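Asker: See start.tsv below, with TSV, C-alpha atoms.
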chain	number	residue	atom	x	y	z
L	1	MET	CA	33.28	-24.13	3.23
L	2	SER	CA	30.81	-25.57	0.73
L	3	CYS	CA	27.82	-26.07	3.02
L	4	ALA	CA	27.04	-29.26	1.14
L	5	ARG	CA	25.74	-30.80	4.35
L	6	ILE	CA	24.38	-29.60	7.67
L	7	THR	CA	24.83	-32.00	10.57
L	8	VAL	CA	22.51	-31.62	13.54
L	9	ALA	CA	23.10	-33.44	16.81
L	10	PRO	CA	20.50	-32.15	19.27
L	11	HIS	CA	20.67	-32.85	22.97
L	12	ALA	CA	18.19	-35.35	24.33
L	13	GLY	CA	14.96	-33.53	25.01
L	14	ALA	CA	15.83	-30.58	22.83
L	15	ASP	CA	12.76	-28.63	21.76
L	16	ARG	CA	12.19	-29.49	18.11
L	17	TRP	CA	10.49	-26.17	17.38
L	18	LYS	CA	13.36	-24.19	18.79
L	19	LEU	CA	15.64	-26.33	16.70
L	20	ALA	CA	13.47	-25.82	13.63
L	21	ASN	CA	13.46	-22.08	14.23
L	22	LEU	CA	17.24	-22.03	14.33
L	23	LEU	CA	17.63	-24.25	11.29
L	24	LEU	CA	15.04	-22.40	9.23
L	25	GLY	CA	16.39	-19.04	10.35
L	26	ALA	CA	20.02	-18.08	10.66
L	27	VAL	CA	21.34	-21.49	9.59
L	28	THR	CA	19.31	-21.42	6.39
L	29	GLY	CA	20.32	-17.83	5.73
L	30	VAL	CA	24.01	-18.56	6.12
L	31	THR	CA	23.73	-21.74	4.06
L	32	LEU	CA	21.99	-19.94	1.22
L	33	MET	CA	24.63	-17.24	1.31
L	34	GLN	CA	27.35	-19.86	1.19
L	35	ARG	CA	25.66	-21.22	-1.90
L	36	SER	CA	25.66	-17.75	-3.45
L	37	VAL	CA	21.90	-17.29	-3.11
L	38	PRO	CA	21.21	-13.63	-2.22
L	39	THR	CA	19.02	-13.73	0.87
L	40	LEU	CA	17.18	-11.02	2.79
L	41	HIS	CA	16.16	-11.10	6.44
L	42	GLY	CA	12.48	-10.24	6.30
L	43	CYS	CA	8.99	-11.30	5.28
L	44	ALA	CA	7.57	-11.45	1.77
L	45	VAL	CA	3.96	-11.17	0.64
L	46	GLU	CA	2.26	-10.99	-2.73
L	47	VAL	CA	0.74	-7.62	-3.57
L	48	ASP	CA	-0.99	-7.33	-6.93
L	49	GLY	CA	1.10	-10.06	-8.49
L	50	SER	CA	4.56	-9.10	-7.30
L	51	ALA	CA	6.55	-9.79	-4.15
L	52	VAL	CA	6.92	-7.15	-1.47
L	53	VAL	CA	9.72	-7.83	1.02
L	54	MET	CA	9.60	-6.22	4.44
L	55	CYS	CA	12.97	-5.76	6.13
L	56	GLY	CA	13.85	-4.22	9.47
L	57	PRO	CA	15.27	-4.96	12.90
L	58	SER	CA	13.94	-7.79	15.04
L	59	GLY	CA	10.72	-6.65	16.70
L	60	ALA	CA	9.99	-3.96	14.11
L	61	GLY	CA	6.76	-5.65	13.05
L	62	LYS	CA	7.69	-7.44	9.84
L	63	SER	CA	5.67	-10.59	10.55
L	64	THR	CA	2.82	-8.54	12.02
L	65	LEU	CA	2.57	-6.44	8.87
L	66	ALA	CA	2.72	-9.61	6.76
L	67	MET	CA	-0.19	-11.06	8.72
L	68	LEU	CA	-2.21	-7.85	8.46
L	69	LEU	CA	-1.58	-7.68	4.71
L	70	HIS	CA	-2.60	-11.31	4.45
L	71	ARG	CA	-5.91	-10.39	6.08
L	72	ARG	CA	-6.34	-7.94	3.21
L	73	GLY	CA	-5.97	-10.66	0.62
L	74	CYS	CA	-2.21	-10.83	0.16
L	75	ARG	CA	-0.71	-14.31	0.09
L	76	ILE	CA	2.43	-14.94	2.12
L	77	LEU	CA	5.64	-16.05	0.49
L	78	ASP	CA	8.26	-16.04	3.25
L	79	ASP	CA	8.79	-15.32	6.92
L	80	ASN	CA	12.23	-14.44	8.29
L	81	ILE	CA	14.29	-15.68	5.34
L	82	VAL	CA	13.70	-14.47	1.79
L	83	PRO	CA	15.89	-16.16	-0.83
L	84	LEU	CA	16.22	-14.32	-4.13
L	85	ARG	CA	17.29	-15.36	-7.60
L	86	ARG	CA	18.05	-13.43	-10.72
L	87	THR	CA	16.28	-14.37	-13.94
L	88	PRO	CA	16.49	-12.85	-17.41
L	89	ALA	CA	13.26	-10.98	-16.55
L	90	GLY	CA	14.54	-9.63	-13.23
L	91	TRP	CA	14.68	-10.72	-9.60
L	92	GLU	CA	12.38	-13.26	-8.02
L	93	ALA	CA	11.61	-14.07	-4.38
L	94	LEU	CA	11.52	-17.80	-3.66
L	95	PRO	CA	8.90	-19.41	-1.41
L	96	GLY	CA	9.76	-20.37	2.15
L	97	SER	CA	8.69	-22.47	5.07
L	98	GLY	CA	4.93	-22.03	5.09
L	99	PHE	CA	4.50	-20.61	8.57
L	100	LEU	CA	4.63	-17.28	10.31
L	101	ARG	CA	6.23	-16.63	13.69
L	102	LEU	CA	3.98	-14.25	15.57
L	103	THR	CA	3.89	-12.76	19.02
L	104	LYS	CA	0.97	-13.52	21.30
L	105	GLU	CA	-0.11	-9.89	20.92
L	106	THR	CA	-0.25	-10.16	17.14
L	107	MET	CA	-2.08	-13.48	17.20
L	108	THR	CA	-4.64	-11.98	19.55
L	109	LEU	CA	-4.91	-8.92	17.34
L	110	VAL	CA	-5.73	-10.96	14.27
L	111	ARG	CA	-7.95	-13.29	16.28
L	112	GLN	CA	-5.84	-16.38	15.79
L	113	SER	CA	-5.84	-18.91	18.57
L	114	VAL	CA	-2.59	-18.88	20.51
L	115	GLY	CA	-1.88	-22.56	20.72
L	116	GLY	CA	1.00	-23.17	18.39
L	117	PRO	CA	4.44	-24.12	19.56
L	118	ALA	CA	6.41	-21.22	21.00
L	119	PHE	CA	10.06	-20.33	20.96
L	120	ALA	CA	12.17	-17.33	21.83
L	121	SER	CA	13.39	-15.32	18.86
L	122	PRO	CA	16.33	-12.98	19.54
L	123	SER	CA	14.04	-10.34	21.01
L	124	VAL	CA	10.66	-11.81	21.92
L	125	LEU	CA	8.66	-14.99	22.45
L	126	LYS	CA	6.89	-16.01	19.27
L	127	HIS	CA	4.36	-18.65	18.33
L	128	VAL	CA	4.26	-20.67	15.14
L	129	HIS	CA	1.25	-20.05	12.91
L	130	VAL	CA	1.09	-22.64	10.15
L	131	LEU	CA	-0.37	-21.18	6.98
L	132	ASP	CA	-3.21	-22.81	5.08
L	133	ASP	CA	-2.46	-23.75	1.49
L	134	ASP	CA	-4.59	-20.90	0.17
L	135	ALA	CA	-2.82	-18.42	2.44
L	136	ARG	CA	0.63	-19.04	1.09
L	137	LEU	CA	2.30	-18.77	-2.25
L	138	ALA	CA	4.42	-21.80	-3.07
L	139	SER	CA	6.05	-20.65	-6.28
L	140	PRO	CA	8.63	-17.96	-7.11
L	141	LEU	CA	7.34	-14.44	-7.62
L	142	ARG	CA	8.82	-11.40	-9.29
L	143	LEU	CA	10.33	-9.01	-6.75
L	144	GLY	CA	8.49	-5.72	-6.74
L	145	ARG	CA	9.37	-3.73	-3.62
L	146	VAL	CA	11.53	-3.74	-0.54
L	147	LEU	CA	10.09	-2.02	2.53
L	148	TRP	CA	12.17	-0.93	5.50
L	149	ILE	CA	10.32	-0.83	8.81
L	150	GLY	CA	11.79	0.97	11.77
L	151	PRO	CA	14.14	3.86	12.38
L	152	VAL	CA	16.51	5.19	9.79
L	153	PRO	CA	19.89	3.78	10.80
L	154	THR	CA	21.96	6.67	12.08
L	155	CYS	CA	25.27	5.11	13.02
J	1	MET	CA	26.74	-4.49	-8.34
J	2	SER	CA	23.01	-4.07	-8.84
J	3	PRO	CA	20.82	-2.50	-6.13
J	4	VAL	CA	19.43	-5.90	-5.17
J	5	GLU	CA	22.92	-7.32	-4.89
J	6	ALA	CA	23.95	-4.33	-2.79
J	7	VAL	CA	21.18	-4.94	-0.28
J	8	ALA	CA	21.77	-8.67	-0.31
J	9	ALA	CA	25.46	-8.10	0.35
J	10	VAL	CA	24.56	-6.15	3.46
J	11	GLU	CA	22.11	-8.79	4.54
J	12	ARG	CA	24.86	-11.35	4.09
J	13	GLN	CA	26.87	-9.42	6.63
J	14	TRP	CA	23.89	-9.51	8.96
J	15	PHE	CA	23.51	-13.26	8.82
J	16	PHE	CA	27.17	-13.81	9.51
J	17	GLY	CA	27.19	-10.96	12.00
J	18	GLN	CA	24.53	-12.67	14.09
J	19	ALA	CA	27.17	-14.84	15.66
J	20	ALA	CA	29.35	-11.83	16.39
J	21	ARG	CA	26.44	-9.63	17.48
J	22	GLY	CA	27.55	-7.11	14.92
J	23	LEU	CA	24.19	-5.39	14.77
J	24	GLY	CA	25.58	-1.86	14.96
J	25	LEU	CA	27.78	-2.57	12.00
J	26	ARG	CA	24.81	-4.04	10.20
J	27	GLU	CA	22.74	-0.89	10.62
J	28	MET	CA	25.53	1.28	9.32
J	29	GLN	CA	25.96	-0.97	6.33
J	30	PHE	CA	22.26	-1.03	5.65
J	31	ARG	CA	22.17	2.74	5.52
J	32	VAL	CA	24.89	2.66	2.91
J	33	ALA	CA	22.97	0.00	1.02
J	34	LEU	CA	19.82	2.07	1.04
J	35	ASP	CA	21.75	4.87	-0.56
J	36	LEU	CA	22.99	2.48	-3.21
J	37	ALA	CA	19.62	0.87	-3.67
J	38	SER	CA	17.50	3.76	-4.82
J	39	GLY	CA	16.78	1.84	-7.99
J	40	LEU	CA	15.36	-0.97	-5.90
J	41	GLN	CA	12.38	1.10	-4.82
J	42	VAL	CA	13.09	0.68	-1.14
J	43	MET	CA	10.28	2.35	0.77
J	44	HIS	CA	11.12	3.58	4.25
J	45	LEU	CA	8.03	3.17	6.39
J	46	GLY	CA	9.29	4.27	9.78
J	47	HIS	CA	7.65	2.85	12.88
J	48	PRO	CA	3.98	1.86	12.87
J	49	PRO	CA	2.06	4.07	15.32
J	50	SER	CA	1.23	0.90	17.23
J	51	LEU	CA	1.78	-2.78	16.72
J	52	GLY	CA	-0.81	-4.00	14.27
J	53	SER	CA	-2.23	-0.60	13.39
J	54	GLU	CA	-5.00	-1.23	10.89
J	55	ALA	CA	-4.98	2.35	9.56
J	56	TRP	CA	-1.21	2.25	9.07
J	57	THR	CA	-1.49	-1.09	7.26
J	58	ASP	CA	-4.19	0.34	4.99
J	59	ALA	CA	-1.93	3.30	4.22
J	60	VAL	CA	1.03	1.02	3.43
J	61	LEU	CA	-1.06	-1.13	1.10
J	62	ALA	CA	-2.53	1.94	-0.62
J	63	ALA	CA	0.96	3.36	-1.12
J	64	LEU	CA	2.18	0.09	-2.58
J	65	ARG	CA	-0.72	-0.07	-5.01
J	66	ALA	CA	-0.24	3.55	-6.04
J	67	LEU	CA	3.28	2.89	-7.27
J	68	PRO	CA	4.07	1.22	-10.59
J	69	PRO	CA	5.61	-2.24	-10.21
J	70	HIS	CA	9.34	-1.89	-10.62
J	71	VAL	CA	12.67	-3.19	-9.45
Output the file's structure in the form of structure tokens.

Answerer:
Amino acid sequence: MSCARITVAPHAGADRWKLANLLLGAVTGVTLMQRSVPTLHGCAVEVDGSAVVMCGPSGAGKSTLAMLLHRRGCRILDDNIVPLRRTPAGWEALPGSGFLRLTKETMTLVRQSVGGPAFASPSVLKHVHVLDDDARLASPLRLGRVLWIGPVPTC
Amino acid sequence: MSPVEAVAAVERQWFFGQAARGLGLREMQFRVALDLASGLQVMHLGHPPSLGSEAWTDAVLAALRALPPHV
């Protein structure tokens, strides 16, 4: 399977944001993997010039932490899907879709209006928060850290 | 396999495991990957005390800035 093409045939009346969430989430992740692009499930922000990737189970607070770090001056690189590439200088995180998917509770917490399109992620209803140009980083960034949020896996 | 590749290999299993709901397997594999990935500077944060904890976020950011940049 080369994943040279993705064909989408949505039902009439299908919610385009739910479709976008699926395509920009698991479908993109699988496609990148098929194309031999190492990809992490998480969020990435810029901290002091390098990329910090937050990984963890759904609902752990990855996007929430990304938003809170953004409020402290960190630009956002990715939400949900973090493609990586190796360069002679090391690993880089590549920029993503330009929006965050946040719960109503998080949007209220950070005083964002809850009006964006909503869709159900695997564990919770989330709203799309489109990032301003100055809030996001649109170019690759050297990978600095990987954070794991949530319990230590015990199985 | 480098540490980054080790973690990415596990994440690859997660993406494909989504369809099979293989989340238990994914957690087990991630634990193995964390062991392999010590050179990746994986920081284990645990649970935030509450969703959106400002103090916890400040502590995370301070910890990140206290460490030298490294992969």

Asker: For atom CA of J:Ser53 and atom CA of L:Ser58, determine how far apart the two atoms are, in Å to one decimal place.

Answerer: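 Straight-line distance from atom CA of J:Ser53 to atom CA of L:Ser58 works out to 17.8 Å.
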
Asker: Select, as an MDAnalysis selection string, those residues of chain L with any atom no more than 7 Å from chain J (distances computed using all atoms listed in the file).

Answerer: chainID L and resid 26 29:30 33 38:41 61 64:65 68 106 143:151 153 155

Asker: Please indicate the distance in Å from atom CA of L:Leu131 to atom CA of L:Arg72, rounded to one decimal place.

Answerer: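 So the two atoms, atom CA of L:Leu131 and atom CA of L:Arg72, lie 15.0 Å apart.
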
Asker: Neighbouring residues of L:Ala138 were defined as those with any atom within 12 Å, considering all atoms listed in the file; residues of the same chain fewer than 5 positions away were excluded. Please report them as a PDB file with C-alpha atoms, in the frame of the given file.

Answerer:
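part39.pdb, freshly written:
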ATOM      1  CA  ALA L  44       7.570 -11.450   1.770  1.00  0.00           C
ATOM      2  CA  VAL L  45       3.960 -11.170   0.640  1.00  0.00           C
ATOM      3  CA  GLU L  46       2.260 -10.990  -2.730  1.00  0.00           C
ATOM      4  CA  ARG L  75      -0.710 -14.310   0.090  1.00  0.00           C
ATOM      5  CA  ILE L  76       2.430 -14.940   2.120  1.00  0.00           C
ATOM      6  CA  LEU L  77       5.640 -16.050   0.490  1.00  0.00           C
ATOM      7  CA  ASP L  78       8.260 -16.040   3.250  1.00  0.00           C
ATOM      8  CA  ALA L  93      11.610 -14.070  -4.380  1.00  0.00           C
ATOM      9  CA  LEU L  94      11.520 -17.800  -3.660  1.00  0.00           C
ATOM     10  CA  PRO L  95       8.900 -19.410  -1.410  1.00  0.00           C
ATOM     11  CA  GLY L  96       9.760 -20.370   2.150  1.00  0.00           C
ATOM     12  CA  SER L  97       8.690 -22.470   5.070  1.00  0.00           C
ATOM     13  CA  GLY L  98       4.930 -22.030   5.090  1.00  0.00           C
ATOM     14  CA  PHE L  99       4.500 -20.610   8.570  1.00  0.00           C
ATOM     15  CA  LEU L 131      -0.370 -21.180   6.980  1.00  0.00           C
ATOM     16  CA  ASP L 132      -3.210 -22.810   5.080  1.00  0.00           C
ATOM     17  CA  ASP L 133      -2.460 -23.750   1.490  1.00  0.00           C
TER      18      ASP L 133
END

Asker: When you draw a straight line from atom CA of J:Ala59 to atom CA of L:Asp79, how long is it in Å?

Answerer: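 Computing it gives 21.7 Å between the two atoms.
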